[in-house]
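Working notes for the structure below.
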Amino acid sequence: MATKRTTKTKTSAPVTLPKVLTGIAGLDEITGGGLPKGRPTLICGEAGAGKTLFAMEFIVHGAMQFNEPGVFVAFEEKAEELTANVRSFGYDLNKLVAAKKLRVDHVHIERSEIEETGEYDLDGLFIRLGYAIDSIKAKRVVLDTIENLFSGLSNQAIIRAELRRLFEWLKDRGVTVIITGEKGQGTLTRQGLEEYVSDCVIMLDHRVANQISTRRLRIVKYRGSDHGTNEYPFLIDNEGISVLPVTSLTLANRVSSQRVSTGIPSLDEMLGGKGFFKGSSILVSGTAGTGKTSMASYFAYESCRRGEKCIYFAFEESPEQIMRNMKSINVNLEPCVKDGMLIFHASRPSLHGLEMHLLVIYKMIKKYKPKTIILDPITNLVSVGTVSELKSMLVRLIDFLQREQITVLFTALTLNTNVNEQTDEGVSSLVDAWLTVRDIEFNGERNRGLYIMKSRGMKHSNQVREFVISDHGLELVEVFLGPDGVLTGSAREAHQLLEATDDALKTFALGRKDREIARKSLMLEAQIGNLRSEFDSVKEELNKLYMEEELKKEVRKNNLEKITTLRRGGKTNSGSSTTKK
Amino acid sequence: MKKTWQLKLYIAGKTEKSVTALSNLEKYCEEHLKGIYHIEVIDLLKKPQLAEGDQIFAVPTLVKKVPEPIRKIIGDLSNEEKVLVGLNIVPAKKTL
């Protein structure tokens with residue numbers, strides 16, 4: 001015992017505890033390199049929490065990846081059953097057994113066959129285990145689950161003493177051990193196995209909230225090592241267990257100053273003429289029917305045109321639906337899909353929990369290595385988790401994407417009632433660029449106004465643009481600022497028409513002025529003519545008077561002469577009588 | 001004779017327990033199964049590969065395969081009655 005103690009202190013003396021990689025995706029990250037080497041680790045959890053699979057993965061990965069053969073001691077399942085169970089994860093135990101990398105030992109304890117009398121010990125188990133370890137030079141051992149000893153045997157005192165001896169013995173052999181144990185009431189394990197295993201305890205949990213199950217993992221303790229203390233969601237899918245570290249915690253991702261076009265030239269123009277940064281995250285938010293999906297499709301299409309792969313995660317529409325709808329605005333996505341540049345992945349949000357969604361995204365990215373991904377829309381994901389869960393998921397996603405230098409575009413639905421413009425998911429602070437498309441209701445119509453709420457690290461337009469969706473595609477049109485405010489839609493068009501009319505009027509007015517001048521000169525000339533003719537008539541009048549006077553004078557002279565003649569004794573006529581009067 | 005008791009006693013080295021178990025077993029057999037028993041002592045330290053076949057995890061373990069049913073008795077066999085019942089030599093007493 002005393003010698004054991006000293007070796008124990010010796011092994012924990014180095015700054016970093018020697019560890020062995022589990023090969024379980026994500027777990028090695030949280031534990032900072034795996035499980036403690038040469039020590040037992042307890043995996044506890046409820047029935048169906050994934051303990052056996054966890055342990056099996058540890059063994060299989062060890063055998064396949066790290067050249068560390070392992071012994072799996074099964075107290076519950078037969079070797080054939082185990083083999084069948086893990087076949088669905090792609091593990092061929094028989095092959096590993098044949099290659100002497102794995103040994104499965106089924107310890108069957110049939111209570112009805114066993115009678116106990118007097119003193120005994122568990123040397124049989126030790127010998128079996130020792131033989132199994134020696135036969136393949138195992139470095140890893142799993143005991144799944146040793147608690148069955150307690151139900152198979154009645155002398156608990158012996159079992160406990162023997163367990164203590166077993167773990168010491170395993171430590172001496174230098175094998176890394178996983179012991180599984182069922183969760184008990186108020187204790188980590190039903191039989192208090194944690195009492196014997198003091199180095200590392202990992203708890204698996206399986207919770208169902210809102211009919212959607214989430215598996216979680218927590219490192220309860222890890223003596224002599226740093227470890228994440230959070231609960232980490234983990235998943236069991238067709239490739240086994242993957243743990244998803246919440247975030248890498250550090251913000252030390254590479255950044256790119258390369259820019260990528262949005263696919264809409266006028267939008268690029270607003271973003272300093274070049275578009276978004278490569279590897280950045282973009283949020284397009286807006287009320288229903290504001291063209292978020294259209295914008296996302298444009299972005300996807302543009303990515304494909306650049307020859308960069310794009311994955312479109314659709315949570316609302318089927319790929320066919322999107323392709324059909326986008327055709328109507330002159331975006332033909334079909335060839336991109338055929339070329340394999342664009343990969344659609346459509347699933348209902350309620351298909352599985354958030355973590356599963358995240359994992360699916362991770363896996364798709366790992367598989368296809370896209371440069372751009374689109375999540376349309378993230379709003380629906382709230383239905384399968386809480387807002388904070390979604391936020392934490394998106395943080396991790398953005399973090400991961402940044403690391404991989406993948407540009408991501410999220411769309412999010414905002415509600416009209418949301419005064420502060422905050423999206424439901426609260427991700428607006430996480431993203432690098434945020435566009436929002438808002439309804440502008442005016443003049444009996446609804447138009448779309450596009451705002452760039454933020455765009456980190458680049459000059460961007462502060463202007464509102466009208467976002468026009470037509471047969472030709474998307475376009476951003478400058479809005480008019482009139483005395484009544486911002487003009488959009490038909491009001492804007494009316495304004496444009498008004499301006500055109502104005503122009504026409506102006507040219508017309510110019511012509512009119514010319515003509516008026518011509519007319520005026522004509523008029524003046526006419527006036528001059530008039531005056532002249534007036535003058536003529538006045539002259540004539542004057543002449544007439546003068547002539548009359550002359551005539552009168554003559555007549556009077558004649559008359560006078562006649563009278564004179566008459567008075568001189570000439571014959572009288574009618575004229576003379578008149579004169580008499 | 002009609003029946004032969006085939007008995008295997010698994011031990012791990014010559015420990016006190018295994019010696020006690022063997023002497024106890026021989027005593028009971030001589031008393032109750034004279035001439036119709038066969039005891040095979042298997043030392044797992046020498047033949048560890050045999051432990052798996054008979055599902056041995058504790059020592060000493062007495063295994064009776066013939067006659068059926070299979071029974072295992074763990075311990076130093078110090079309780080005679082339990083051993084005899086376990087080996088179906090005498091029927092189990094109704095304890096309830």
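Identifiers in the structure tokens: chain A, B, ... in order shown; residue index from 1 per chain; ligand index from 1 in order shown.
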Taking only C-alpha atoms into account, produce a table as a tab-separated table in which each residue of chain B with an atom at most 8 Å from an atom of chain A appears once, together with its shortest atom pair and the distance in Å to one decimal, ordered by chain and rising number.
```
residue	atom	partner	partner_atom	distance
B:Ile11	CA	A:Gly124	CA	7.9
B:Ala12	CA	A:Asp123	CA	6.8
B:Lys17	CA	A:Glu119	CA	6.8
B:Leu44	CA	A:Ile127	CA	6.9
B:Leu45	CA	A:Ile127	CA	7.0
B:Pro48	CA	A:Ile127	CA	6.1
B:Gln49	CA	A:Tyr131	CA	6.9
B:Ala51	CA	A:Arg128	CA	6.0
B:Glu52	CA	A:Arg128	CA	6.7
B:Gln55	CA	A:His108	CA	6.1
B:Ile56	CA	A:Gly124	CA	5.6
B:Phe57	CA	A:Gly124	CA	4.0
B:Ala58	CA	A:Leu122	CA	4.0
B:Val59	CA	A:Gly124	CA	5.4
B:Pro60	CA	A:Tyr120	CA	6.1
B:Ile70	CA	A:Glu113	CA	6.6
B:Arg71	CA	A:Glu113	CA	4.8
B:Lys72	CA	A:Ile114	CA	4.7
B:Ile73	CA	A:Glu115	CA	4.5
B:Ile74	CA	A:Glu116	CA	4.7
B:Gly75	CA	A:Tyr120	CA	4.4
B:Asp76	CA	A:Gly118	CA	5.0
B:Leu77	CA	A:Thr117	CA	5.2
B:Ser78	CA	A:Gly118	CA	5.4
B:Asn79	CA	A:Thr117	CA	5.8
B:Lys82	CA	A:Thr117	CA	6.8
B:Val83	CA	A:Thr117	CA	7.4
B:Gly86	CA	A:Glu115	CA	6.3
```
Prev. selection, N, CA and C atoms, output as a CSV table (one decimal), in the first residue's frame:
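In the end it all went to out.csv:
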```csv
chain,number,residue,atom,x,y,z
B,11,ILE,N,-9.7,-22.5,-8.1
B,11,ILE,CA,-9.0,-21.8,-7.0
B,11,ILE,C,-7.9,-20.9,-7.7
B,12,ALA,N,-7.3,-20.1,-6.9
B,12,ALA,CA,-6.3,-19.2,-7.4
B,12,ALA,C,-5.1,-19.4,-6.5
B,17,LYS,N,-8.0,-20.1,1.8
B,17,LYS,CA,-9.4,-20.3,1.4
B,17,LYS,C,-9.6,-21.5,0.5
B,44,LEU,N,-6.4,-21.3,-11.4
B,44,LEU,CA,-6.5,-20.2,-12.4
B,44,LEU,C,-5.2,-19.5,-12.6
B,45,LEU,N,-4.4,-19.5,-11.6
B,45,LEU,CA,-3.1,-18.9,-11.8
B,45,LEU,C,-2.3,-19.6,-12.9
B,48,PRO,N,-5.3,-19.4,-16.6
B,48,PRO,CA,-6.3,-18.3,-16.5
B,48,PRO,C,-7.3,-18.3,-17.6
B,49,GLN,N,-7.0,-19.0,-18.8
B,49,GLN,CA,-7.9,-19.0,-19.9
B,49,GLN,C,-9.2,-19.7,-19.6
B,51,ALA,N,-11.0,-19.4,-16.9
B,51,ALA,CA,-11.9,-18.7,-16.1
B,51,ALA,C,-13.2,-18.2,-16.9
B,52,GLU,N,-12.9,-17.8,-18.1
B,52,GLU,CA,-14.0,-17.3,-18.9
B,52,GLU,C,-15.1,-18.3,-19.2
B,55,GLN,N,-17.5,-18.9,-16.5
B,55,GLN,CA,-17.9,-17.6,-15.8
B,55,GLN,C,-17.5,-17.5,-14.4
B,56,ILE,N,-16.2,-17.6,-14.2
B,56,ILE,CA,-15.7,-17.5,-12.8
B,56,ILE,C,-15.2,-16.1,-12.6
B,57,PHE,N,-15.7,-15.6,-11.5
B,57,PHE,CA,-15.1,-14.2,-11.1
B,57,PHE,C,-14.7,-14.2,-9.7
B,58,ALA,N,-15.2,-15.2,-8.9
B,58,ALA,CA,-14.8,-15.2,-7.5
B,58,ALA,C,-14.1,-16.6,-7.3
B,59,VAL,N,-13.2,-16.6,-6.3
B,59,VAL,CA,-12.6,-17.8,-6.0
B,59,VAL,C,-12.6,-18.0,-4.4
B,60,PRO,N,-12.7,-19.2,-3.9
B,60,PRO,CA,-12.9,-20.4,-4.7
B,60,PRO,C,-14.4,-20.5,-5.2
B,70,ILE,N,-27.0,-26.6,-13.6
B,70,ILE,CA,-25.7,-26.0,-13.3
B,70,ILE,C,-25.8,-25.2,-12.0
B,71,ARG,N,-24.9,-25.5,-11.1
B,71,ARG,CA,-24.9,-24.6,-9.9
B,71,ARG,C,-23.5,-24.2,-9.6
B,72,LYS,N,-23.4,-23.1,-9.0
B,72,LYS,CA,-22.1,-22.6,-8.6
B,72,LYS,C,-22.1,-22.2,-7.1
B,73,ILE,N,-21.1,-22.6,-6.4
B,73,ILE,CA,-21.0,-22.3,-5.0
B,73,ILE,C,-19.7,-21.5,-4.8
B,74,ILE,N,-19.9,-20.3,-4.3
B,74,ILE,CA,-18.8,-19.4,-4.1
B,74,ILE,C,-18.4,-19.5,-2.6
B,75,GLY,N,-17.1,-19.5,-2.3
B,75,GLY,CA,-16.7,-19.4,-0.9
B,75,GLY,C,-15.9,-20.7,-0.5
B,76,ASP,N,-15.6,-20.7,0.7
B,76,ASP,CA,-14.7,-21.8,1.2
B,76,ASP,C,-15.6,-23.0,1.6
B,77,LEU,N,-16.8,-23.0,1.2
B,77,LEU,CA,-17.7,-24.1,1.5
B,77,LEU,C,-17.9,-24.5,2.9
B,78,SER,N,-17.8,-23.5,3.8
B,78,SER,CA,-17.7,-23.8,5.2
B,78,SER,C,-19.1,-24.2,5.8
B,79,ASN,N,-20.2,-23.8,5.1
B,79,ASN,CA,-21.5,-24.1,5.5
B,79,ASN,C,-22.0,-25.4,4.8
B,82,LYS,N,-25.6,-25.4,3.1
B,82,LYS,CA,-25.7,-24.7,1.9
B,82,LYS,C,-25.0,-25.4,0.7
B,83,VAL,N,-23.9,-26.0,1.0
B,83,VAL,CA,-23.2,-26.8,-0.1
B,83,VAL,C,-24.1,-27.9,-0.5
B,86,GLY,N,-27.0,-26.6,-2.4
B,86,GLY,CA,-26.5,-26.1,-3.7
B,86,GLY,C,-26.1,-27.2,-4.7
```
Leu342 in chain A environment, 7 Å, only C-alpha atoms, sequence neighbours closer than 3 positions dropped, as a PDB file with C-alpha atoms, in the first residue's frame:
```pdb
ATOM      1  CA  CYS A 304     -21.504  29.480 -56.553  1.00  0.00           C
ATOM      2  CA  LYS A 309     -19.263  25.896 -52.429  1.00  0.00           C
ATOM      3  CA  CYS A 310     -22.290  26.893 -50.489  1.00  0.00           C
ATOM      4  CA  ILE A 311     -24.585  24.974 -48.168  1.00  0.00           C
ATOM      5  CA  CYS A 336     -25.602  25.204 -59.095  1.00  0.00           C
ATOM      6  CA  VAL A 337     -27.190  22.255 -57.360  1.00  0.00           C
TER       7      VAL A 337
END
```
- Task: Could you check how far CA of Val255 in chain A sits from CA of Gly279 in chain A, in Å to one decimal?
- Result: 7.3 Å
- Task: Can you check which residues of range 277-507 of chain A DSSP gives as alpha helix (DSSP H) on the backbone and send them as a ChimeraX atom specification?
- Result: /A:292-305,319-327,334-339,354-368,387-403,489-507
Go ahead and write the residues just picked, C-alpha atoms, as an mmCIF file, in the first residue's frame.
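Here's the written file selection_25.cif:
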```
data_model
loop_
_atom_site.group_PDB
_atom_site.id
_atom_site.type_symbol
_atom_site.label_atom_id
_atom_site.label_comp_id
_atom_site.auth_asym_id
_atom_site.auth_seq_id
_atom_site.Cartn_x
_atom_site.Cartn_y
_atom_site.Cartn_z
ATOM 1 C CA LYS A 292 -34.896 37.691 -46.744
ATOM 2 C CA THR A 293 -34.838 34.364 -48.528
ATOM 3 C CA SER A 294 -34.392 36.137 -51.835
ATOM 4 C CA MET A 295 -31.397 37.971 -50.519
ATOM 5 C CA ALA A 296 -29.984 34.745 -49.121
ATOM 6 C CA SER A 297 -30.462 33.042 -52.470
ATOM 7 C CA TYR A 298 -28.674 35.829 -54.229
ATOM 8 C CA PHE A 299 -25.793 35.451 -51.864
ATOM 9 C CA ALA A 300 -25.708 31.701 -52.390
ATOM 10 C CA TYR A 301 -25.911 32.104 -56.122
ATOM 11 C CA GLU A 302 -23.093 34.608 -56.140
ATOM 12 C CA SER A 303 -20.951 32.277 -54.062
ATOM 13 C CA CYS A 304 -21.504 29.480 -56.553
ATOM 14 C CA ARG A 305 -20.689 31.787 -59.420
ATOM 15 C CA PRO A 319 -35.201 22.993 -51.762
ATOM 16 C CA GLU A 320 -37.644 22.628 -54.656
ATOM 17 C CA GLN A 321 -39.776 25.360 -53.249
ATOM 18 C CA ILE A 322 -36.867 27.723 -52.893
ATOM 19 C CA MET A 323 -35.574 26.972 -56.359
ATOM 20 C CA ARG A 324 -38.983 27.511 -57.910
ATOM 21 C CA ASN A 325 -39.573 30.706 -56.021
ATOM 22 C CA MET A 326 -36.178 32.100 -56.841
ATOM 23 C CA LYS A 327 -36.660 31.425 -60.513
ATOM 24 C CA GLU A 334 -30.779 24.490 -60.271
ATOM 25 C CA PRO A 335 -27.528 24.393 -62.267
ATOM 26 C CA CYS A 336 -25.602 25.204 -59.095
ATOM 27 C CA VAL A 337 -27.190 22.255 -57.360
ATOM 28 C CA LYS A 338 -26.429 20.023 -60.323
ATOM 29 C CA ASP A 339 -22.812 21.108 -60.348
ATOM 30 C CA LEU A 354 -30.751 22.438 -31.305
ATOM 31 C CA GLU A 355 -27.598 20.555 -30.564
ATOM 32 C CA MET A 356 -28.410 18.016 -33.193
ATOM 33 C CA HIS A 357 -28.982 20.821 -35.655
ATOM 34 C CA LEU A 358 -25.646 22.262 -34.759
ATOM 35 C CA LEU A 359 -24.009 18.912 -35.175
ATOM 36 C CA VAL A 360 -25.637 18.397 -38.541
ATOM 37 C CA ILE A 361 -24.291 21.768 -39.599
ATOM 38 C CA TYR A 362 -20.828 20.876 -38.284
ATOM 39 C CA LYS A 363 -20.852 17.614 -40.094
ATOM 40 C CA MET A 364 -22.120 19.019 -43.368
ATOM 41 C CA ILE A 365 -19.390 21.626 -43.219
ATOM 42 C CA LYS A 366 -16.728 19.059 -42.464
ATOM 43 C CA LYS A 367 -17.981 16.938 -45.326
ATOM 44 C CA TYR A 368 -18.455 19.504 -48.059
ATOM 45 C CA VAL A 387 -33.630 31.906 -26.758
ATOM 46 C CA SER A 388 -30.538 31.591 -24.640
ATOM 47 C CA GLU A 389 -29.947 28.078 -25.865
ATOM 48 C CA LEU A 390 -30.238 29.233 -29.421
ATOM 49 C CA LYS A 391 -27.905 32.090 -28.735
ATOM 50 C CA SER A 392 -25.345 29.807 -27.208
ATOM 51 C CA MET A 393 -25.667 27.515 -30.187
ATOM 52 C CA LEU A 394 -25.190 30.359 -32.603
ATOM 53 C CA VAL A 395 -22.200 31.654 -30.699
ATOM 54 C CA ARG A 396 -20.590 28.297 -31.083
ATOM 55 C CA LEU A 397 -21.541 28.111 -34.704
ATOM 56 C CA ILE A 398 -20.200 31.556 -35.504
ATOM 57 C CA ASP A 399 -17.067 30.762 -33.606
ATOM 58 C CA PHE A 400 -16.562 27.591 -35.544
ATOM 59 C CA LEU A 401 -17.304 29.243 -38.856
ATOM 60 C CA GLN A 402 -14.885 32.030 -38.148
ATOM 61 C CA ARG A 403 -12.221 29.513 -37.436
ATOM 62 C CA GLY A 489 -43.065 52.540 -54.118
ATOM 63 C CA SER A 490 -45.606 54.295 -56.245
ATOM 64 C CA ALA A 491 -45.109 57.491 -54.301
ATOM 65 C CA ARG A 492 -41.478 57.373 -55.311
ATOM 66 C CA GLU A 493 -42.450 56.606 -58.857
ATOM 67 C CA ALA A 494 -44.981 59.406 -58.796
ATOM 68 C CA HIS A 495 -42.266 61.659 -57.586
ATOM 69 C CA GLN A 496 -40.054 60.495 -60.384
ATOM 70 C CA LEU A 497 -42.875 61.150 -62.859
ATOM 71 C CA LEU A 498 -43.408 64.536 -61.357
ATOM 72 C CA GLU A 499 -39.818 65.366 -61.950
ATOM 73 C CA ALA A 500 -40.088 64.187 -65.537
ATOM 74 C CA THR A 501 -43.167 66.346 -66.000
ATOM 75 C CA ASP A 502 -41.329 69.233 -64.543
ATOM 76 C CA ASP A 503 -38.605 68.779 -67.075
ATOM 77 C CA ALA A 504 -41.069 68.586 -69.915
ATOM 78 C CA LEU A 505 -42.793 71.650 -68.603
ATOM 79 C CA LYS A 506 -39.563 73.475 -68.366
ATOM 80 C CA THR A 507 -38.610 72.813 -71.983
#
```
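CA of Ile36 in chain B lies 6.7 Å from CA of Lys3 in chain B.
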- Query: Where in range 150-284 of chain A does DSSP assign strand (DSSP E or B), given as number ranges by chain?
  - Reply: A: 176-182, 200-209, 212-222, 231-237, 240-243, 259-260, 276-277, 281-284
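Minimum atom-to-atom distance to Glu81 in chain A, evaluated using only C-alpha atoms, belongs to A:Val104 out of A:Val104, A:Ile59, A:Thr407, A:Ala99.
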